[in-house]
$ cat upload-v7.cif   # mmCIF, C-alpha atoms
data_final
#
loop_
_atom_site.label_atom_id
_atom_site.label_comp_id
_atom_site.auth_asym_id
_atom_site.auth_seq_id
_atom_site.Cartn_x
_atom_site.Cartn_y
_atom_site.Cartn_z
CA MET A 1 35.98 -21.52 132.83
CA HIS A 2 38.48 -20.70 130.09
CA ASP A 3 38.53 -22.46 126.77
CA VAL A 4 42.21 -23.25 127.30
CA VAL A 5 44.75 -22.98 130.09
CA VAL A 6 48.37 -23.02 128.95
CA VAL A 7 50.82 -23.93 131.70
CA GLY A 8 54.23 -22.50 130.82
CA GLY A 9 54.92 -19.11 129.29
CA GLY A 10 57.96 -19.83 127.16
CA ALA A 11 58.13 -19.79 123.37
CA ALA A 12 55.93 -22.88 123.00
CA GLY A 13 53.26 -21.76 125.45
CA LEU A 14 53.03 -18.18 124.20
CA SER A 15 52.94 -19.35 120.59
CA ALA A 16 50.03 -21.68 121.36
CA ALA A 17 48.24 -18.91 123.25
CA LEU A 18 48.76 -16.47 120.37
CA VAL A 19 47.15 -18.84 117.87
CA LEU A 20 44.27 -19.53 120.24
CA GLY A 21 43.73 -15.84 120.96
CA ARG A 22 43.60 -15.10 117.26
CA ALA A 23 41.03 -17.90 116.99
CA ARG A 24 38.93 -15.94 119.50
CA ARG A 25 39.38 -18.46 122.28
CA SER A 26 39.53 -17.45 125.91
CA VAL A 27 43.04 -18.50 126.92
CA LEU A 28 44.98 -18.13 130.15
CA VAL A 29 48.75 -18.61 130.37
CA VAL A 30 50.10 -19.57 133.78
CA ASP A 31 53.83 -18.97 133.98
CA ALA A 32 56.30 -19.49 136.82
CA GLY A 33 58.84 -17.19 135.16
CA GLU A 34 61.70 -19.69 134.99
CA PRO A 35 62.56 -20.22 131.31
CA ARG A 36 65.26 -22.77 130.51
CA ASN A 37 67.38 -20.25 128.61
CA GLN A 38 67.17 -17.53 131.26
CA PRO A 39 70.95 -17.58 131.99
CA ALA A 40 71.79 -16.91 128.33
CA ALA A 41 72.35 -13.31 127.23
CA HIS A 42 71.12 -13.98 123.70
CA MET A 43 69.32 -16.66 121.72
CA HIS A 44 70.35 -17.76 118.26
CA GLY A 45 69.04 -19.62 115.24
CA PHE A 46 65.61 -17.94 115.38
CA LEU A 47 65.04 -16.40 111.96
CA SER A 48 64.56 -12.61 112.26
CA ARG A 49 65.23 -12.75 116.02
CA ASP A 50 68.82 -13.99 116.07
CA GLY A 51 70.76 -12.39 118.91
CA MET A 52 67.68 -11.20 120.77
CA PRO A 53 67.81 -11.58 124.58
CA PRO A 54 65.47 -14.44 125.62
CA GLY A 55 63.60 -12.21 128.06
CA GLU A 56 62.88 -9.68 125.34
CA LEU A 57 61.33 -12.33 123.09
CA LEU A 58 59.05 -13.44 125.92
CA ALA A 59 58.06 -9.87 126.75
CA VAL A 60 57.08 -9.24 123.13
CA GLY A 61 55.22 -12.56 123.05
CA ARG A 62 53.25 -11.80 126.19
CA ALA A 63 52.22 -8.42 124.79
CA GLU A 64 51.03 -10.06 121.57
CA VAL A 65 48.97 -12.65 123.47
CA VAL A 66 47.36 -9.95 125.62
CA GLY A 67 46.67 -7.92 122.48
CA TYR A 68 44.37 -10.69 121.26
CA GLY A 69 42.51 -10.96 124.56
CA GLY A 70 44.65 -13.60 126.22
CA GLU A 71 45.50 -13.46 129.91
CA ILE A 72 48.93 -13.92 131.49
CA ARG A 73 49.16 -14.93 135.12
CA ARG A 74 52.38 -15.31 137.08
CA GLY A 75 52.17 -18.43 139.18
CA ARG A 76 53.34 -21.99 139.60
CA ALA A 77 51.01 -24.84 138.71
CA VAL A 78 51.45 -27.65 141.23
CA SER A 79 48.76 -30.11 140.15
CA ALA A 80 46.14 -30.78 137.52
CA ARG A 81 43.09 -33.01 137.52
CA ARG A 82 40.22 -33.80 135.25
CA ASP A 83 36.92 -32.24 136.29
CA GLY A 84 33.99 -33.45 134.25
CA ALA A 85 34.61 -32.45 130.65
CA GLY A 86 37.40 -30.05 131.61
CA PHE A 87 40.38 -29.59 133.88
CA VAL A 88 41.28 -27.85 137.12
CA VAL A 89 44.83 -26.62 137.66
CA GLU A 90 45.88 -25.90 141.24
CA LEU A 91 48.39 -23.11 141.82
CA ALA A 92 51.06 -22.79 144.49
CA ASP A 93 49.27 -19.79 146.02
CA GLY A 94 46.22 -21.94 146.75
CA ASP A 95 44.11 -20.63 143.88
CA SER A 96 42.91 -22.72 140.96
CA VAL A 97 41.94 -22.17 137.33
CA SER A 98 39.66 -24.19 135.07
CA ALA A 99 39.55 -24.85 131.36
CA ARG A 100 38.01 -27.08 128.74
CA ARG A 101 41.44 -27.98 127.36
CA LEU A 102 44.93 -28.04 128.86
CA VAL A 103 48.23 -27.28 127.13
CA VAL A 104 51.43 -28.16 129.02
CA THR A 105 54.58 -26.33 127.94
CA THR A 106 56.54 -26.46 131.19
CA GLY A 107 59.95 -27.13 129.65
CA LEU A 108 62.82 -28.91 131.34
CA ARG A 109 65.78 -28.46 133.67
CA ASP A 110 69.39 -28.93 132.58
CA GLU A 111 71.10 -30.95 135.30
CA LEU A 112 74.86 -30.39 135.28
CA PRO A 113 77.57 -32.70 136.58
CA PRO A 114 78.85 -31.80 140.08
CA ILE A 115 81.99 -29.96 138.99
CA GLU A 116 83.12 -26.98 141.04
CA GLY A 117 82.28 -23.68 139.37
CA LEU A 118 80.39 -25.19 136.44
CA ARG A 119 76.87 -24.03 137.36
CA GLU A 120 78.03 -20.45 137.89
CA ARG A 121 79.23 -20.23 134.29
CA TRP A 122 76.18 -21.95 132.79
CA GLY A 123 74.69 -20.06 129.86
CA ARG A 124 77.77 -17.88 129.56
CA ASP A 125 81.02 -19.67 128.69
CA VAL A 126 79.62 -23.09 129.64
CA ALA A 127 76.99 -24.38 127.23
CA ALA A 128 75.46 -27.53 125.82
CA CYS A 129 74.41 -26.82 122.25
CA PRO A 130 77.00 -26.04 119.54
CA TYR A 131 74.25 -24.75 117.26
CA CYS A 132 73.14 -22.28 119.93
CA HIS A 133 76.57 -21.08 121.11
CA GLY A 134 79.24 -22.40 118.73
CA TRP A 135 79.47 -19.29 116.57
CA GLU A 136 80.08 -17.06 119.59
CA VAL A 137 83.19 -19.05 120.58
CA ARG A 138 84.46 -19.84 117.08
CA ASP A 139 88.24 -20.21 116.70
CA GLN A 140 88.73 -20.24 120.47
CA PRO A 141 90.23 -23.09 122.54
CA LEU A 142 87.21 -25.18 123.48
CA GLY A 143 86.74 -28.05 125.91
CA VAL A 144 84.15 -30.80 126.07
CA LEU A 145 83.41 -32.60 129.32
CA GLY A 146 83.10 -36.32 128.83
CA THR A 147 80.66 -36.83 131.67
CA ASP A 148 78.25 -38.64 129.35
CA PRO A 149 78.72 -40.72 126.17
CA ARG A 150 77.09 -37.89 124.22
CA GLY A 151 80.15 -35.75 124.91
CA ALA A 152 82.08 -37.42 122.12
CA HIS A 153 79.43 -36.40 119.60
CA GLN A 154 79.49 -32.86 120.97
CA ALA A 155 83.23 -32.70 120.43
CA LEU A 156 82.88 -33.94 116.85
CA LEU A 157 80.35 -31.20 116.15
CA LEU A 158 82.41 -28.46 117.81
CA ARG A 159 85.37 -29.16 115.54
CA GLN A 160 83.24 -27.37 112.94
CA TRP A 161 83.64 -24.10 114.88
CA SER A 162 87.21 -24.39 116.15
CA ALA A 163 90.41 -26.20 115.25
CA ASP A 164 91.35 -26.30 118.94
CA VAL A 165 88.98 -28.72 120.67
CA THR A 166 89.93 -30.89 123.64
CA TYR A 167 87.86 -33.75 125.02
CA PHE A 168 88.26 -34.43 128.75
CA GLY A 169 87.20 -37.75 130.25
CA SER A 170 88.42 -41.02 131.71
CA GLN A 171 85.59 -43.02 130.14
CA LEU A 172 85.72 -43.06 126.37
CA ALA A 173 84.78 -45.87 124.02
CA GLU A 174 87.60 -46.85 121.68
CA GLN A 175 85.52 -46.27 118.56
CA ASP A 176 84.73 -42.75 119.78
CA ARG A 177 88.41 -42.10 120.48
CA GLU A 178 89.28 -43.04 116.93
CA LYS A 179 86.65 -40.66 115.55
CA LEU A 180 87.85 -37.79 117.72
CA LEU A 181 91.47 -38.26 116.75
CA ALA A 182 90.55 -38.58 113.09
CA ARG A 183 88.82 -35.19 113.29
CA GLY A 184 91.86 -33.59 114.92
CA ILE A 185 90.44 -33.40 118.43
CA ARG A 186 92.80 -33.78 121.38
CA VAL A 187 91.82 -36.39 123.97
CA VAL A 188 92.81 -35.98 127.63
CA ASP A 189 92.13 -39.10 129.72
CA GLU A 190 91.47 -37.17 132.91
CA ASP A 191 88.22 -35.85 134.36
CA VAL A 192 87.61 -32.18 135.09
CA VAL A 193 87.15 -31.39 138.78
CA LYS A 194 87.07 -27.58 138.69
CA VAL A 195 86.37 -24.71 136.33
CA LEU A 196 88.99 -21.98 136.49
CA VAL A 197 87.85 -18.37 136.31
CA ASP A 198 89.78 -15.11 136.24
CA ASN A 199 88.25 -11.64 136.10
CA ASP A 200 84.82 -13.20 135.54
CA GLU A 201 86.01 -15.14 132.50
CA LEU A 202 86.53 -18.87 132.10
CA VAL A 203 90.23 -19.46 131.54
CA GLY A 204 90.60 -23.22 131.90
CA VAL A 205 89.94 -26.39 133.86
CA GLU A 206 91.66 -28.30 136.63
CA LEU A 207 91.94 -32.07 136.20
CA THR A 208 91.95 -35.00 138.63
CA ASP A 209 95.74 -35.21 138.42
CA GLY A 210 96.05 -31.57 139.51
CA SER A 211 97.11 -30.25 136.14
CA CYS A 212 95.39 -27.32 134.44
CA VAL A 213 94.48 -26.83 130.81
CA LYS A 214 93.65 -23.44 129.32
CA ARG A 215 90.24 -23.19 127.65
CA SER A 216 87.99 -20.27 126.79
CA ALA A 217 84.67 -22.12 126.77
CA LEU A 218 83.31 -25.50 127.79
CA PHE A 219 80.54 -27.66 126.44
CA VAL A 220 78.85 -30.28 128.55
CA PRO A 221 76.16 -32.88 127.80
CA THR A 222 73.50 -32.11 130.38
CA VAL A 223 70.90 -34.47 131.79
CA PHE A 224 67.45 -33.39 130.60
CA ALA A 225 64.91 -33.43 133.45
CA ALA A 226 61.46 -32.70 132.03
CA ASN A 227 59.10 -30.60 134.15
CA ASP A 228 56.35 -33.09 133.40
CA THR A 229 54.59 -33.40 136.77
CA LEU A 230 51.24 -32.28 135.37
CA LEU A 231 51.43 -34.72 132.48
CA THR A 232 52.30 -37.55 134.87
CA GLN A 233 49.40 -36.69 137.16
CA LEU A 234 46.99 -36.87 134.23
CA GLY A 235 48.51 -40.05 132.81
CA ALA A 236 49.28 -38.11 129.65
CA GLU A 237 52.01 -39.57 127.47
CA HIS A 238 53.19 -37.60 124.48
CA THR A 239 52.23 -39.14 121.15
CA GLU A 240 52.75 -36.88 118.14
CA ASP A 241 51.79 -33.47 116.82
CA GLY A 242 51.37 -32.18 120.35
CA ARG A 243 48.68 -34.63 121.33
CA THR A 244 48.88 -36.90 124.38
CA THR A 245 47.20 -40.11 125.42
CA ALA A 246 44.92 -38.12 127.75
CA PRO A 247 42.01 -36.61 125.79
CA GLY A 248 42.01 -32.84 125.96
CA VAL A 249 45.63 -32.60 127.10
CA TYR A 250 48.32 -31.28 124.76
CA ALA A 251 52.04 -30.66 125.18
CA ALA A 252 54.78 -28.85 123.27
CA GLY A 253 58.33 -27.63 123.64
CA ASN A 254 61.11 -29.00 125.79
CA VAL A 255 58.78 -30.82 128.19
CA VAL A 256 58.31 -33.42 125.45
CA ASP A 257 61.14 -32.58 123.05
CA PRO A 258 64.39 -31.81 124.90
CA MET A 259 66.29 -31.05 121.68
CA ALA A 260 63.86 -28.36 120.51
CA GLN A 261 65.50 -24.96 120.09
CA VAL A 262 63.43 -21.84 120.69
CA ILE A 263 62.25 -21.58 117.09
CA VAL A 264 61.23 -25.25 117.07
CA ALA A 265 59.39 -24.94 120.38
CA ALA A 266 57.53 -21.91 119.04
CA ALA A 267 56.51 -23.85 115.94
CA GLN A 268 55.31 -26.77 118.05
CA GLY A 269 53.25 -24.39 120.15
CA ALA A 270 51.63 -22.88 117.07
CA LYS A 271 50.65 -26.34 115.81
CA VAL A 272 49.22 -27.27 119.20
CA GLY A 273 47.16 -24.08 119.23
CA MET A 274 45.60 -25.08 115.91
CA TYR A 275 44.93 -28.63 117.09
CA VAL A 276 43.30 -27.43 120.30
CA ASN A 277 41.03 -24.99 118.48
CA GLY A 278 40.05 -27.71 116.01
CA ASP A 279 39.33 -30.06 118.90
CA LEU A 280 37.06 -27.47 120.51
CA VAL A 281 35.29 -26.81 117.22
CA LEU A 282 34.46 -30.50 116.84
CA ASP A 283 33.26 -30.60 120.43
CA GLU A 284 30.99 -27.63 119.82
CA ALA A 285 29.67 -29.19 116.61
CA ALA A 286 28.60 -32.40 118.35
CA PRO A 287 24.82 -32.93 117.92
CA GLU A 288 24.23 -33.27 121.66
CA ARG A 289 25.61 -29.74 122.17
CA ARG A 290 23.53 -28.12 119.43
CA VAL A 291 21.82 -24.93 120.47
CA HIS A 292 18.33 -24.75 118.98
CA GLY A 293 17.76 -21.82 116.68
CA LEU A 294 21.47 -21.39 115.78
#
$ encode --input "upload-v7.cif" --output "structure tokens"
Amino acid sequence: MHDVVVVGGGAAGLSAALVLGRARRSVLVVDAGEPRNQPAAHMHGFLSRDGMPPGELLAVGRAEVVGYGGEIRRGRAVSARRDGAGFVVELADGDSVSARRLVVTTGLRDELPPIEGLRERWGRDVAACPYCHGWEVRDQPLGVLGTDPRGAHQALLLRQWSADVTYFGSQLAEQDREKLLARGIRVVDEDVVKVLVDNDELVGVELTDGSCVKRSALFVPTVFAANDTLLTQLGAEHTEDGRTTAPGVYAAGNVVDPMAQVIVAAAQGAKVGMYVNGDLVLDEAAPERRVHGL
């Protein structure tokens, strides 16, 4: 029986585990090894770690957690249930782990529109967040896929990084069109059907009318699909400050905050670690748990 099981070994989960380890809690991190930003070569906007490969950050984080007595276990958690005053997490390999408290930091999946060649370029010259990738494609011809109403806002933001931004989409609200044009953004009333690649570089897009437009990078509003199966099983709805409506269950990172960048997810995890330790302290201070002579 661990004090805490953290499901998800990304920035949020490792940050929570680090705080808990430093608080001398027995903590186990169960990680499936599928971070959201795995396709990206570098992460950005993380003070003192800007430009670091995502995998390197996680490797350093795992070493720090282990250095404070934490355990890291590769595995996929498939279910979680309450067991008395604690929790049991079942793993895909048939094993199970138990803990007094549960922290869920399982992230999310970015679901892309079904456009030929788009997925293959994801995390390289196809991205979603201007703050994460805008600098790297500054002053280049950029395209925004209008597969979702949020695309218009993306295009407005991207104009900050390039004077050559084109919005592609047959569905565009008139008020959004006016904003785009006012910001100097070209609007093409055709949908993209294919991403064009040459020598392993994105060079443009093919439209529904068969025409092609040269672009060096594309931005697309993805659909956020939270990996929240465990939270759903426990009836745990996210409230605030990492707490959920299920006592003893906490959550942080993209599983509850899809807009959280790596540095934000790490901060959320650190806060959750403090809350969980405080929760355990109060539990241990309850009169009915008092150990005579101590």
$ closest_residue --input "upload-v7.cif" --among "A:Val5, A:Glu284, A:Leu196, A:Val276" --to "Glu116 of chain A" --atoms "only C-alpha atoms"
A:Leu196
$ resolve_selection --input "upload-v7.cif" --expression "the PyMOL selection byres ((chain A and resi 219-227) around 7)" --output "list in words"
Thr106, Gly107, Leu108, Arg109, Asp110, Glu111, Leu112, Val126, Ala127, Ala128, Gly143, Val144, Leu145, Asp148, Arg150, Gly151, Ala217, Leu218, Asp228, Thr229, Val255 and Pro258 of chain A
$ write_last_selection --input "upload-v7.cif" --atoms "C-alpha atoms" --output "tab-separated table (two decimals), keeping the file's coordinate frame"
chain	number	residue	atom	x	y	z
A	106	THR	CA	56.54	-26.46	131.19
A	107	GLY	CA	59.95	-27.13	129.65
A	108	LEU	CA	62.82	-28.91	131.34
A	109	ARG	CA	65.78	-28.46	133.67
A	110	ASP	CA	69.39	-28.93	132.58
A	111	GLU	CA	71.10	-30.95	135.30
A	112	LEU	CA	74.86	-30.39	135.28
A	126	VAL	CA	79.62	-23.09	129.64
A	127	ALA	CA	76.99	-24.38	127.23
A	128	ALA	CA	75.46	-27.53	125.82
A	143	GLY	CA	86.74	-28.05	125.91
A	144	VAL	CA	84.15	-30.80	126.07
A	145	LEU	CA	83.41	-32.60	129.32
A	148	ASP	CA	78.25	-38.64	129.35
A	150	ARG	CA	77.09	-37.89	124.22
A	151	GLY	CA	80.15	-35.75	124.91
A	217	ALA	CA	84.67	-22.12	126.77
A	218	LEU	CA	83.31	-25.50	127.79
A	228	ASP	CA	56.35	-33.09	133.40
A	229	THR	CA	54.59	-33.40	136.77
A	255	VAL	CA	58.78	-30.82	128.19
A	258	PRO	CA	64.39	-31.81	124.90
$ residues_around --input "upload-v7.cif" --residues "segment 72-85 of chain A" --least-positions-apart "6" --cutoff "8 Å" --atoms "all atoms listed in the file" --output "VMD selection string"
chain A and resid 7 28 to 33 62 66 91 to 93 100 229 to 230 233 to 234
$ closest_atom_pairs --input "upload-v7.cif" --of "segment 122-219 of chain A" --to "segment 35-53 of chain A" --cutoff "7 Å" --atoms "all atoms listed in the file" --output "Markdown table"
| residue | atom | partner | partner_atom | distance |
| --- | --- | --- | --- | --- |
| A:Trp122 | CA | A:Pro39 | CA | 6.9 |
| A:Gly123 | CA | A:Ala40 | CA | 4.5 |
| A:Arg124 | CA | A:Ala40 | CA | 6.2 |
| A:Cys132 | CA | A:His44 | CA | 5.6 |
$ closest_residue --input "upload-v7.cif" --among "A:Leu57, A:Leu207, A:Met1, A:Val272" --to "Ile115 of chain A" --atoms "all atoms listed in the file"
A:Leu207
$ resolve_selection --input "upload-v7.cif" --expression "the PyMOL selection byres ((chain A and resi 11-21) around 7)" --output "ChimeraX atom specification"
/A:6,8-10,22-27,58,61-62,64-65,68-70,105,252-253,262,265-266,268-270,272-274,277
$ residues_around --input "upload-v7.cif" --residues "Leu280 of chain A" --least-positions-apart "5" --cutoff "9 Å" --atoms "all atoms listed in the file" --output "list in words"
Asp3, Arg100, Arg101, Tyr275 and Ala285 of chain A
$ atom_distance --input "upload-v7.cif" --atom1 "atom CA of Gly86 of chain A" --atom2 "atom CA of Ala251 of chain A"
16.0 Å
$ atom_distance --input "upload-v7.cif" --atom1 "atom CA of Ala152 of chain A" --atom2 "atom CA of Val205 of chain A"
17.9 Å
$ atom_distance --input "upload-v7.cif" --atom1 "atom CA of Val188 of chain A" --atom2 "atom CA of Leu157 of chain A"
17.6 Å
$ residues_near_point --input "upload-v7.cif" --point "(87.8, -44.9, 130.4)" --cutoff "12 Å" --atoms "all atoms listed in the file" --output "PyMOL selection string"
chain A and resi 146-149+168-174+176-177+187-191
$ write_last_selection --input "upload-v7.cif" --atoms "C-alpha atoms" --output "short mmCIF file (atom, residue, chain, number, x, y, z; two decimals), in the frame of the given file"
data_model
loop_
_atom_site.label_atom_id
_atom_site.label_comp_id
_atom_site.auth_asym_id
_atom_site.auth_seq_id
_atom_site.Cartn_x
_atom_site.Cartn_y
_atom_site.Cartn_z
CA GLY A 146 83.10 -36.32 128.83
CA THR A 147 80.66 -36.83 131.67
CA ASP A 148 78.25 -38.64 129.35
CA PRO A 149 78.72 -40.72 126.17
CA PHE A 168 88.26 -34.43 128.75
CA GLY A 169 87.20 -37.75 130.25
CA SER A 170 88.42 -41.02 131.71
CA GLN A 171 85.59 -43.02 130.14
CA LEU A 172 85.72 -43.06 126.37
CA ALA A 173 84.78 -45.87 124.02
CA GLU A 174 87.60 -46.85 121.68
CA ASP A 176 84.73 -42.75 119.78
CA ARG A 177 88.41 -42.10 120.48
CA VAL A 187 91.82 -36.39 123.97
CA VAL A 188 92.81 -35.98 127.63
CA ASP A 189 92.13 -39.10 129.72
CA GLU A 190 91.47 -37.17 132.91
CA ASP A 191 88.22 -35.85 134.36
#
$ residues_around --input "upload-v7.cif" --residues "Ser162 of chain A" --least-positions-apart "5" --cutoff "10 Å" --atoms "only C-alpha atoms" --output "short mmCIF file (atom, residue, chain, number, x, y, z; two decimals) with C-alpha atoms, keeping the file's coordinate frame"
data_model
loop_
_atom_site.label_atom_id
_atom_site.label_comp_id
_atom_site.auth_asym_id
_atom_site.auth_seq_id
_atom_site.Cartn_x
_atom_site.Cartn_y
_atom_site.Cartn_z
CA GLY A 134 79.24 -22.40 118.73
CA TRP A 135 79.47 -19.29 116.57
CA VAL A 137 83.19 -19.05 120.58
CA ARG A 138 84.46 -19.84 117.08
CA ASP A 139 88.24 -20.21 116.70
CA GLN A 140 88.73 -20.24 120.47
CA PRO A 141 90.23 -23.09 122.54
CA LEU A 142 87.21 -25.18 123.48
CA LEU A 157 80.35 -31.20 116.15
CA ILE A 185 90.44 -33.40 118.43
#
